[in-house]
>>> print(open('target_7.cif').read())   # mmCIF, C-alpha atoms
data_work
#
loop_
_atom_site.label_atom_id
_atom_site.label_comp_id
_atom_site.auth_asym_id
_atom_site.auth_seq_id
_atom_site.Cartn_x
_atom_site.Cartn_y
_atom_site.Cartn_z
CA MET A 1 -39.37 66.46 130.08
CA SER A 2 -40.54 67.60 126.71
CA SER A 3 -37.16 66.77 125.12
CA GLY A 4 -37.32 63.24 126.59
CA SER A 5 -40.83 62.65 125.24
CA ALA A 6 -39.77 63.95 121.84
CA ALA A 7 -36.80 61.57 121.81
CA ALA A 8 -39.09 58.70 122.76
CA VAL A 9 -41.52 59.57 119.98
CA GLU A 10 -38.66 59.83 117.48
CA ALA A 11 -37.30 56.45 118.59
CA SER A 12 -40.74 54.83 118.21
CA VAL A 13 -41.12 56.34 114.72
CA ILE A 14 -37.70 55.01 113.69
CA HIS A 15 -38.60 51.60 115.11
CA MET A 16 -41.93 51.56 113.23
CA SER A 17 -40.29 52.62 109.97
CA SER A 18 -37.67 49.91 110.30
CA ASN A 19 -40.41 47.34 110.95
CA ASN A 20 -42.33 48.58 107.91
CA SER A 21 -39.25 48.35 105.69
CA GLU A 22 -38.65 44.79 106.90
CA LEU A 23 -42.26 43.89 106.08
CA VAL A 24 -41.92 45.42 102.62
CA GLN A 25 -38.71 43.51 101.97
CA ARG A 26 -40.32 40.26 103.14
CA ALA A 27 -43.32 40.89 100.87
CA GLN A 28 -41.07 41.58 97.89
CA ALA A 29 -39.04 38.49 98.65
CA SER A 30 -42.22 36.41 98.76
CA PHE A 31 -43.27 37.65 95.31
CA GLU A 32 -39.81 37.52 93.69
CA PRO A 33 -38.69 33.94 93.03
CA ASN A 34 -35.21 32.89 94.06
CA ASP A 35 -32.72 31.17 91.83
CA VAL A 36 -33.49 27.72 93.21
CA ASP A 37 -37.24 28.05 92.48
CA CYS A 38 -36.57 29.31 88.95
CA CYS A 39 -34.19 26.45 88.24
CA THR A 40 -36.68 23.89 89.55
CA GLU A 41 -39.59 25.36 87.62
CA MET A 42 -37.51 25.56 84.44
CA LYS A 43 -36.63 21.86 84.71
CA LYS A 44 -40.31 21.00 85.23
CA SER A 45 -41.27 23.14 82.25
CA LEU A 46 -38.73 21.48 79.96
CA ARG A 47 -39.70 18.03 81.21
CA ALA A 48 -43.40 18.73 80.62
CA ARG A 49 -42.83 18.99 76.85
CA TYR A 50 -42.02 15.29 76.67
CA PHE A 51 -45.13 14.36 78.67
CA TYR A 52 -47.29 16.25 76.17
CA GLY A 53 -45.44 14.58 73.31
CA PHE A 54 -46.14 11.17 74.87
CA ILE A 55 -49.82 12.08 75.23
CA PHE A 56 -49.89 13.04 71.56
CA LEU A 57 -48.27 9.70 70.62
CA ILE A 58 -50.83 7.73 72.65
CA THR A 59 -53.60 9.69 70.92
CA ASN A 60 -52.19 8.78 67.50
CA LEU A 61 -52.06 5.10 68.41
CA THR A 62 -55.61 5.30 69.77
CA ALA A 63 -56.86 6.79 66.50
CA TRP A 64 -55.14 4.00 64.55
CA PHE A 65 -56.63 1.30 66.81
CA ILE A 66 -60.13 2.79 66.58
CA ARG A 67 -59.81 2.94 62.79
CA ASP A 68 -58.47 -0.57 62.14
CA TYR A 69 -59.67 -2.73 65.03
CA GLY A 70 -62.20 -0.74 67.04
CA GLN A 71 -65.38 -2.24 65.62
CA SER A 72 -64.12 -5.82 66.00
CA VAL A 73 -62.77 -5.34 69.54
CA PHE A 74 -65.30 -3.07 71.25
CA PRO A 75 -68.61 -4.89 71.80
CA PRO A 76 -72.06 -3.34 71.47
CA PRO A 77 -74.12 -1.61 72.79
CA TYR A 78 -73.19 1.73 71.29
CA TYR A 79 -74.71 5.14 71.75
CA ARG A 80 -76.92 4.72 68.69
CA ARG A 81 -77.70 8.39 68.24
CA ALA A 82 -74.01 9.07 67.63
CA CYS A 83 -72.69 5.74 66.38
CA GLY A 84 -75.64 4.44 64.38
CA ILE A 85 -77.33 1.06 64.65
CA SER A 86 -74.24 -0.95 63.71
CA GLY A 87 -71.83 1.40 65.47
CA SER A 88 -69.89 2.12 62.27
CA ASP A 89 -70.10 5.91 62.77
CA CYS A 90 -67.81 5.62 65.79
CA PHE A 91 -65.08 3.66 64.01
CA HIS A 92 -63.09 3.83 60.79
CA THR A 93 -62.99 7.38 59.37
CA LEU A 94 -65.44 8.96 61.81
CA GLY A 95 -63.73 7.21 64.71
CA VAL A 96 -60.41 8.83 63.74
CA LEU A 97 -62.11 12.22 63.54
CA ARG A 98 -63.68 11.73 66.98
CA VAL A 99 -60.30 10.91 68.55
CA SER A 100 -58.78 13.86 66.73
CA LEU A 101 -61.51 16.16 68.04
CA GLY A 102 -60.88 14.98 71.60
CA CYS A 103 -57.15 15.63 71.23
CA PHE A 104 -57.88 19.06 69.74
CA ILE A 105 -60.21 19.97 72.63
CA PHE A 106 -57.57 19.06 75.22
CA PHE A 107 -54.69 20.96 73.66
CA PHE A 108 -56.84 23.95 72.71
CA PHE A 109 -57.99 24.17 76.34
CA MET A 110 -54.34 24.10 77.38
CA PHE A 111 -53.68 26.89 74.88
CA LEU A 112 -56.46 29.05 76.34
CA THR A 113 -55.09 28.63 79.86
CA THR A 114 -51.40 29.21 79.10
CA PHE A 115 -51.06 31.58 76.11
CA SER A 116 -50.50 34.66 78.33
CA THR A 117 -47.88 33.02 80.56
CA ARG A 118 -44.47 34.71 80.51
CA LYS A 119 -42.81 33.93 83.87
CA LEU A 120 -41.89 30.61 85.46
CA TYR A 121 -43.40 31.52 88.83
CA GLU A 122 -46.85 32.38 87.44
CA ALA A 123 -49.75 30.12 88.38
CA PHE A 124 -50.45 29.04 84.80
CA SER A 125 -46.82 28.06 84.35
CA LYS A 126 -47.22 25.67 87.26
CA TRP A 127 -50.45 24.46 85.65
CA HIS A 128 -48.57 23.78 82.40
CA SER A 129 -45.80 21.86 84.17
CA GLY A 130 -47.83 20.05 86.82
CA TRP A 131 -51.29 18.93 87.94
CA TRP A 132 -50.97 15.82 85.79
CA THR A 133 -53.71 13.84 87.53
CA LEU A 134 -56.26 16.55 86.76
CA LYS A 135 -55.00 16.92 83.20
CA ILE A 136 -55.22 13.18 82.55
CA PHE A 137 -58.82 13.32 83.76
CA LEU A 138 -59.52 16.24 81.40
CA LEU A 139 -57.87 14.34 78.55
CA VAL A 140 -60.06 11.28 79.13
CA VAL A 141 -63.19 13.43 79.27
CA SER A 142 -62.25 15.31 76.11
CA MET A 143 -61.63 12.00 74.32
CA VAL A 144 -64.94 10.47 75.42
CA VAL A 145 -67.24 13.43 74.71
CA PRO A 146 -66.84 13.34 70.86
CA PHE A 147 -68.19 9.77 70.80
CA PHE A 148 -71.57 11.14 71.96
CA LEU A 149 -71.77 13.79 69.24
CA PRO A 150 -73.88 13.20 66.09
CA PRO A 151 -72.12 12.25 62.82
CA ASP A 152 -73.12 15.52 61.12
CA PHE A 153 -71.12 17.51 63.67
CA ILE A 154 -68.12 15.21 63.19
CA HIS A 155 -68.31 15.76 59.41
CA ILE A 156 -68.24 19.52 60.01
CA TYR A 157 -65.19 19.09 62.22
CA GLY A 158 -63.58 17.01 59.43
CA GLU A 159 -63.94 19.92 56.99
CA VAL A 160 -62.46 22.30 59.57
CA ALA A 161 -59.66 19.81 60.23
CA ARG A 162 -58.60 20.03 56.59
CA ILE A 163 -57.98 23.75 57.06
CA GLY A 164 -56.24 23.20 60.38
CA ALA A 165 -54.00 20.53 58.85
CA GLY A 166 -53.09 22.96 56.06
CA ILE A 167 -52.17 25.60 58.64
CA PHE A 168 -50.02 23.02 60.43
CA LEU A 169 -48.17 22.20 57.21
CA LEU A 170 -47.52 25.90 56.59
CA LEU A 171 -46.15 26.45 60.10
CA GLN A 172 -44.02 23.33 59.77
CA LEU A 173 -42.57 24.60 56.50
CA ILE A 174 -41.63 27.92 58.06
CA SER A 175 -40.01 26.12 60.99
CA VAL A 176 -38.00 23.86 58.67
CA ILE A 177 -36.82 26.77 56.51
CA GLU A 178 -35.80 28.78 59.58
CA PHE A 179 -33.88 25.77 60.83
CA ILE A 180 -32.08 25.53 57.46
CA ARG A 181 -31.20 29.23 57.65
CA TRP A 182 -29.88 28.76 61.18
CA TRP A 183 -27.81 25.77 60.06
CA ASN A 184 -26.42 27.73 57.13
CA LYS A 185 -25.53 30.64 59.41
CA HIS A 186 -23.92 28.34 61.97
CA TRP A 187 -21.81 26.44 59.44
CA ALA A 188 -21.26 29.28 56.98
CA PRO A 189 -17.66 29.58 55.81
CA ASP A 190 -15.63 31.85 58.05
CA GLU A 191 -12.62 33.62 56.66
CA GLN A 192 -10.73 33.11 59.90
CA THR A 193 -11.42 29.37 60.29
CA LYS A 194 -10.70 26.97 57.44
CA GLN A 195 -12.38 24.15 59.36
CA SER A 196 -15.80 25.83 59.12
CA CYS A 197 -15.34 26.29 55.37
CA SER A 198 -14.38 22.67 54.81
CA ILE A 199 -17.28 21.36 56.90
CA ALA A 200 -19.77 23.55 55.03
CA LEU A 201 -18.37 22.46 51.66
CA PHE A 202 -18.46 18.79 52.62
CA THR A 203 -22.01 19.03 54.00
CA SER A 204 -23.38 20.85 50.97
CA THR A 205 -21.72 18.28 48.67
CA VAL A 206 -23.33 15.42 50.59
CA PHE A 207 -26.79 16.99 50.38
CA TYR A 208 -26.50 17.74 46.66
CA VAL A 209 -25.22 14.23 45.87
CA ALA A 210 -28.10 12.76 47.89
CA SER A 211 -30.58 14.97 46.02
CA ILE A 212 -29.25 13.96 42.60
CA CYS A 213 -29.27 10.29 43.58
CA GLY A 214 -32.85 10.71 44.77
CA ILE A 215 -33.89 12.24 41.43
CA VAL A 216 -32.23 9.41 39.47
CA ALA A 217 -33.77 6.75 41.74
CA MET A 218 -37.25 8.23 41.34
CA TYR A 219 -36.89 8.23 37.55
CA TYR A 220 -35.82 4.58 37.69
CA PHE A 221 -38.48 3.26 40.07
CA TYR A 222 -41.47 5.52 39.45
CA ALA A 223 -41.09 6.65 35.82
CA PRO A 224 -39.82 3.55 34.00
CA ARG A 225 -41.85 4.22 30.84
CA PRO A 226 -43.21 7.29 28.98
CA ALA A 227 -46.76 6.40 30.03
CA CYS A 228 -45.94 7.55 33.57
CA SER A 229 -46.34 11.16 32.48
CA LEU A 230 -47.55 12.49 35.84
CA ASN A 231 -44.61 11.05 37.76
CA ILE A 232 -42.22 12.29 35.07
CA PHE A 233 -43.71 15.77 35.50
CA PHE A 234 -43.37 15.64 39.30
CA ILE A 235 -39.74 14.48 39.20
CA THR A 236 -38.69 16.81 36.38
CA TRP A 237 -40.23 19.85 38.05
CA THR A 238 -38.45 18.92 41.28
CA ALA A 239 -35.15 18.82 39.38
CA VAL A 240 -35.92 22.25 37.90
CA LEU A 241 -36.59 23.62 41.40
CA LEU A 242 -33.22 22.28 42.54
CA ILE A 243 -31.41 24.08 39.73
CA VAL A 244 -33.28 27.34 40.32
CA MET A 245 -32.61 27.31 44.07
CA MET A 246 -28.90 26.62 43.50
CA ALA A 247 -28.62 29.39 40.91
CA MET A 248 -30.38 31.90 43.18
CA SER A 249 -28.16 31.00 46.13
CA LEU A 250 -25.01 31.53 44.07
CA HIS A 251 -26.18 34.80 42.50
CA SER A 252 -23.86 37.68 43.27
CA LYS A 253 -26.61 39.78 44.86
CA VAL A 254 -27.80 36.92 47.07
CA ASN A 255 -24.54 35.06 47.76
CA ARG A 256 -25.88 32.54 50.30
CA GLY A 257 -23.60 29.70 49.27
CA LEU A 258 -24.52 26.09 48.55
CA LEU A 259 -25.20 24.79 52.06
CA SER A 260 -28.72 26.09 52.61
CA SER A 261 -29.80 25.34 49.03
CA GLY A 262 -28.33 21.84 49.33
CA ILE A 263 -30.28 21.10 52.49
CA MET A 264 -33.43 22.54 50.95
CA ALA A 265 -32.86 20.47 47.80
CA SER A 266 -32.78 17.27 49.85
CA TYR A 267 -35.97 18.30 51.65
CA VAL A 268 -37.76 19.05 48.37
CA VAL A 269 -36.65 15.70 46.88
CA PHE A 270 -37.91 13.95 50.01
CA LEU A 271 -41.31 15.64 49.67
CA CYS A 272 -41.52 14.58 46.00
CA TRP A 273 -40.62 10.99 46.89
CA SER A 274 -43.17 10.96 49.70
CA ALA A 275 -45.85 12.30 47.34
CA ILE A 276 -45.20 9.61 44.73
CA ARG A 277 -45.15 6.94 47.42
CA SER A 278 -48.62 8.10 48.46
CA GLU A 279 -50.03 7.23 45.04
CA PRO A 280 -52.23 4.14 44.94
CA ALA A 281 -50.26 1.01 44.01
CA ASP A 282 -49.93 0.64 40.23
CA GLU A 283 -48.25 -2.09 38.22
CA LYS A 284 -46.99 0.41 35.63
CA CYS A 285 -45.71 3.47 37.51
CA ASN A 286 -45.82 2.67 41.22
CA VAL A 287 -44.24 -0.73 41.70
CA GLN A 288 -44.56 -0.79 45.48
CA LYS A 289 -46.28 -3.82 46.93
CA PRO A 290 -49.96 -3.25 47.68
CA ASN A 291 -50.78 -3.13 51.37
CA ASP A 292 -51.84 -6.45 52.88
CA ARG A 293 -54.94 -6.05 54.98
CA HIS A 294 -53.18 -7.82 57.86
CA GLY A 295 -49.85 -6.08 57.21
CA ASP A 296 -46.42 -7.65 56.83
CA TRP A 297 -43.46 -6.56 58.92
CA THR A 298 -42.26 -3.94 56.42
CA THR A 299 -45.72 -2.35 56.26
CA ILE A 300 -46.01 -2.32 60.05
CA LEU A 301 -42.51 -0.88 60.46
CA GLY A 302 -43.18 1.83 57.89
CA PHE A 303 -46.46 2.65 59.59
CA LEU A 304 -44.84 3.01 63.02
CA ILE A 305 -42.04 5.16 61.56
CA ALA A 306 -44.69 7.40 59.97
CA ILE A 307 -46.45 7.85 63.32
CA GLY A 308 -43.12 8.67 64.96
CA ALA A 309 -42.45 11.24 62.23
CA ILE A 310 -45.85 12.87 62.86
CA VAL A 311 -45.13 13.17 66.59
CA MET A 312 -41.59 14.48 66.03
CA ALA A 313 -42.75 17.03 63.44
CA THR A 314 -45.43 18.32 65.82
CA PHE A 315 -43.05 18.39 68.79
CA SER A 316 -40.21 20.14 66.94
CA THR A 317 -42.54 22.77 65.48
CA GLY A 318 -44.23 23.33 68.85
CA ILE A 319 -41.01 24.18 70.68
CA ASP A 320 -39.78 26.43 67.83
CA SER A 321 -41.69 29.58 68.70
CA LYS A 322 -38.58 31.71 67.99
CA SER A 323 -39.03 31.22 64.24
CA PHE A 324 -42.36 33.05 64.45
CA GLN A 325 -41.25 36.01 66.57
CA PHE A 326 -41.01 39.46 65.02
CA ARG A 327 -38.25 40.45 67.45
CA LYS A 328 -35.63 37.70 67.74
CA ASP A 329 -33.11 39.72 69.78
CA GLU A 330 -35.11 39.75 73.02
CA VAL A 331 -32.99 38.94 76.06
CA LYS A 332 -34.30 36.08 78.17
CA LEU A 333 -34.34 36.73 81.90
CA GLU A 334 -33.72 33.97 84.40
CA ASP A 335 -37.40 33.72 85.37
CA ASP A 336 -38.73 33.81 81.80
CA ILE A 337 -40.29 30.70 80.28
CA ARG A 338 -37.96 28.94 77.85
CA TYR A 339 -40.58 28.34 75.16
CA ASN A 340 -43.98 29.81 74.43
CA TYR A 341 -46.58 27.60 76.12
CA GLY A 342 -49.49 28.95 74.09
CA PHE A 343 -47.72 28.41 70.78
CA PHE A 344 -46.69 24.92 71.88
CA HIS A 345 -50.27 23.88 72.61
CA ILE A 346 -51.84 25.51 69.54
CA ILE A 347 -49.35 23.61 67.35
CA PHE A 348 -50.43 20.37 69.01
CA SER A 349 -54.06 21.38 68.39
CA PHE A 350 -53.37 21.77 64.68
CA GLY A 351 -51.28 18.58 64.84
CA ALA A 352 -54.38 16.73 66.05
CA MET A 353 -56.16 17.83 62.87
CA TYR A 354 -53.13 16.92 60.79
CA PHE A 355 -52.82 13.34 62.01
CA ALA A 356 -56.55 12.85 61.40
CA MET A 357 -56.10 13.83 57.75
CA LEU A 358 -53.14 11.45 57.40
CA PHE A 359 -55.04 8.52 58.90
CA ILE A 360 -58.03 9.05 56.59
CA SER A 361 -55.87 10.16 53.60
CA TRP A 362 -57.68 13.53 53.51
CA ASN A 363 -60.87 11.72 52.46
CA LEU A 364 -63.93 12.07 54.70
CA GLU A 365 -66.00 9.49 52.83
CA ASN A 366 -63.91 6.32 52.42
CA SER A 367 -62.00 4.55 55.15
CA ALA A 368 -58.31 3.79 54.59
CA GLN A 369 -56.96 0.24 54.53
CA LYS A 370 -55.45 -1.33 57.61
CA TRP A 371 -51.87 -0.35 58.42
CA SER A 372 -51.96 2.37 55.77
CA ILE A 373 -51.32 6.04 56.32
CA ASP A 374 -51.57 9.00 53.96
CA VAL A 375 -52.22 6.97 50.80
CA GLY A 376 -54.33 8.23 47.91
CA TRP A 377 -54.38 10.83 45.17
CA THR A 378 -55.52 13.56 47.56
CA SER A 379 -52.52 12.87 49.80
CA THR A 380 -50.25 12.91 46.74
CA TRP A 381 -51.40 16.34 45.60
CA VAL A 382 -51.27 17.76 49.12
CA LYS A 383 -47.61 16.75 49.38
CA ILE A 384 -46.77 18.00 45.89
CA ILE A 385 -48.33 21.40 46.61
CA ASN A 386 -46.49 21.37 49.94
CA GLU A 387 -43.23 20.78 48.06
CA TRP A 388 -43.84 23.63 45.61
CA PHE A 389 -44.89 25.93 48.41
CA ALA A 390 -41.75 25.08 50.40
CA ALA A 391 -39.52 25.91 47.43
CA THR A 392 -41.42 29.17 46.84
CA ILE A 393 -41.05 30.29 50.46
CA TYR A 394 -37.35 29.44 50.44
CA MET A 395 -36.70 31.36 47.23
CA TRP A 396 -38.61 34.34 48.58
CA LYS A 397 -36.47 34.21 51.73
CA LEU A 398 -33.42 34.39 49.46
CA ILE A 399 -34.51 37.39 47.39
CA ALA A 400 -36.46 39.30 50.06
CA PRO A 401 -33.38 41.14 51.47
CA VAL A 402 -32.32 42.11 47.93
CA VAL A 403 -35.79 43.42 47.08
CA LYS A 404 -35.97 45.31 50.36
CA GLN A 405 -32.55 46.86 49.83
CA HIS A 406 -33.53 47.88 46.30
CA LYS A 407 -36.68 49.59 47.57
CA VAL A 408 -34.73 51.46 50.26
CA ALA A 409 -32.20 52.64 47.66
CA ASN A 410 -35.01 53.85 45.38
CA ASN A 411 -36.70 55.74 48.23
CA GLU A 412 -33.44 57.44 49.17
CA SER A 413 -32.82 58.46 45.56
CA VAL A 414 -36.34 59.92 45.29
CA GLN A 415 -35.85 61.89 48.49
CA GLN A 416 -32.54 63.29 47.22
CA ILE A 417 -34.20 64.37 43.95
CA ASN A 418 -36.99 66.09 45.86
CA ILE A 419 -34.47 67.93 48.00
#
>>> encode(input="target_7.cif", output="structure tokens")
Amino acid sequence: MSSGSAAAVEASVIHMSSNNSELVQRAQASFEPNDVDCCTEMKKSLRARYFYGFIFLITNLTAWFIRDYGQSVFPPPYYRRACGISGSDCFHTLGVLRVSLGCFIFFFFMFLTTFSTRKLYEAFSKWHSGWWTLKIFLLVVSMVVPFFLPPDFIHIYGEVARIGAGIFLLLQLISVIEFIRWWNKHWAPDEQTKQSCSIALFTSTVFYVASICGIVAMYYFYAPRPACSLNIFFITWTAVLLIVMMAMSLHSKVNRGLLSSGIMASYVVFLCWSAIRSEPADEKCNVQKPNDRHGDWTTILGFLIAIGAIVMATFSTGIDSKSFQFRKDEVKLEDDIRYNYGFFHIIFSFGAMYFAMLFISWNLENSAQKWSIDVGWTSTWVKIINEWFAATIYMWKLIAPVVKQHKVANNESVQQINI
């Protein structure tokens, strides 16, 4: 009798333990995503980037419309405390800053809610990739609220936006230089494959020829006479930077080849050309046609291309979080997010400040002409400094490994002497 009861108790214990193990396995299965869920969430996450890019594009176009046509299209009454009696404080320069502030609020809120997300099945990952109706509502609210703020607050934001735009330019430079390094590493000559060597040689030749042609063209169009001393200085210094970067790349201790320096040379020449193009129209040194207030087709096309370039620069920098990681050898698991959501949104926040500075030409006092973007002496000097800074960062990237290796060798020699 006792042995039968003991067997029954043992059987019930085994049955309970098996039930408990099944419950534990079901609980773990409910918390661990399967392959299908990860694949679906990854596709949503990658697709969401383009929705945010489209939102950023619409915001840019809204800022342009408010600047150029807002006061003539939108009828009174205005909120006089914010917009003034005539409503001018809600259009033109301050109107651009108000739209920029609304865009910044939206993307900074997205940054605060997603910066800690690491896995695709987390709640904030789903928030990043979905809930579009709620996010559109938040975007509209964030765009409307700045139009009820007083002008003094908007001026303060404008000063802060200058700093944020500078940070954006710095991050963009780092992203571009890292991309050039990746390209150089990918197409670097391989001893085993002659095809890679020929492609790298051809590509570097194309970039250097384009850079030299750009230098000659800038001398011809923007420095036709000795009186254009500033443009001559800009172009000549750019040519000097090209020579220095090429010499450093070919130095025996650096030995990086001509591909990366050729790509960087083209980028530096482009920045110099863009800076000179931003100068106010001048009959002597800047022969470009002054902007028509109504805009001809070339002005409109150039303006739209510039807006597209702003959006693409922001988008490409936002998805390039790998360039800013200290550890670049981390292995991605299947349920890991494919790009850093927080970094993506903070870049778009700084991008909102950046496009505001371009639309007002970095000038908080005077409104830019219709269909113009990033024109004025302030814009010129910002781009020139950006060019010099880009060349400096690139050259430091070239010599940094040599300097580090030299320091390590010195430390080892000192240790040996001490021993």
>>> axis_aligned_box(input="target_7.cif", around="segment 44-58 of chain A", padding_each_side="4 Å", output="JSON")
{"center_x": -44.8, "center_y": 15.4, "center_z": 77.9, "size_x": 20.1, "size_y": 23.4, "size_z": 22.6}
>>> resolve_selection(input="target_7.cif", expression="the PyMOL selection byres ((chain A and resi 108-111) around 10)", output="list in words")
Gly102, Cys103, Phe104, Ile105, Phe106, Phe107, Leu112, Thr113, Thr114, Phe115, Ser116, Phe124, Trp127, His128, Lys135, Leu138, Ser142, Tyr341, Gly342, Phe343, Phe344, His345, Ile346, Ile347, Phe348, Ser349 and Phe350 of chain A
>>> resolve_selection(input="target_7.cif", expression="the PyMOL selection byres ((chain A and resi 383) around 8)", output="list in words")
Leu271, Cys272, Ser274, Ala275, Ser379, Thr380, Trp381, Val382, Ile384, Ile385, Asn386 and Glu387 of chain A
>>> closest_residue(input="target_7.cif", among="A:Arg277, A:Arg98, A:Arg118, A:Lys370", to="Phe153 of chain A", atoms="all atoms listed in the file")
A:Arg98
>>> resolve_selection(input="target_7.cif", expression="the PyMOL selection byres ((chain A and resi 170) around 12)", output="ChimeraX atom specification")
/A:163-169,171-177,317,324,347,350-351,354,382-383,385-390,392-393
>>> write_last_selection(input="target_7.cif", atoms="C-alpha atoms", output="compact mmCIF listing (two decimals), in the frame of the given file")
# COMPACT_ATOMS: atom_id res chain seq x y z
CA ILE A 163 -57.98 23.75 57.06
CA GLY A 164 -56.24 23.20 60.38
CA ALA A 165 -54.00 20.53 58.85
CA GLY A 166 -53.09 22.96 56.06
CA ILE A 167 -52.17 25.60 58.64
CA PHE A 168 -50.02 23.02 60.43
CA LEU A 169 -48.17 22.20 57.21
CA LEU A 171 -46.15 26.45 60.10
CA GLN A 172 -44.02 23.33 59.77
CA LEU A 173 -42.57 24.60 56.50
CA ILE A 174 -41.63 27.92 58.06
CA SER A 175 -40.01 26.12 60.99
CA VAL A 176 -38.00 23.86 58.67
CA ILE A 177 -36.82 26.77 56.51
CA THR A 317 -42.54 22.77 65.48
CA PHE A 324 -42.36 33.05 64.45
CA ILE A 347 -49.35 23.61 67.35
CA PHE A 350 -53.37 21.77 64.68
CA GLY A 351 -51.28 18.58 64.84
CA TYR A 354 -53.13 16.92 60.79
CA VAL A 382 -51.27 17.76 49.12
CA LYS A 383 -47.61 16.75 49.38
CA ILE A 385 -48.33 21.40 46.61
CA ASN A 386 -46.49 21.37 49.94
CA GLU A 387 -43.23 20.78 48.06
CA TRP A 388 -43.84 23.63 45.61
CA PHE A 389 -44.89 25.93 48.41
CA ALA A 390 -41.75 25.08 50.40
CA THR A 392 -41.42 29.17 46.84
CA ILE A 393 -41.05 30.29 50.46
>>> atom_distance(input="target_7.cif", atom1="atom CA of Ala400 of chain A", atom2="atom CA of Ser198 of chain A")
28.0 Å
>>> atom_distance(input="target_7.cif", atom1="atom CA of Leu398 of chain A", atom2="atom CA of Ser249 of chain A")
7.1 Å
>>> closest_residue(input="target_7.cif", among="A:Ile307, A:Ile235, A:Ala63, A:Leu364", to="Tyr157 of chain A", atoms="all atoms listed in the file")
A:Leu364
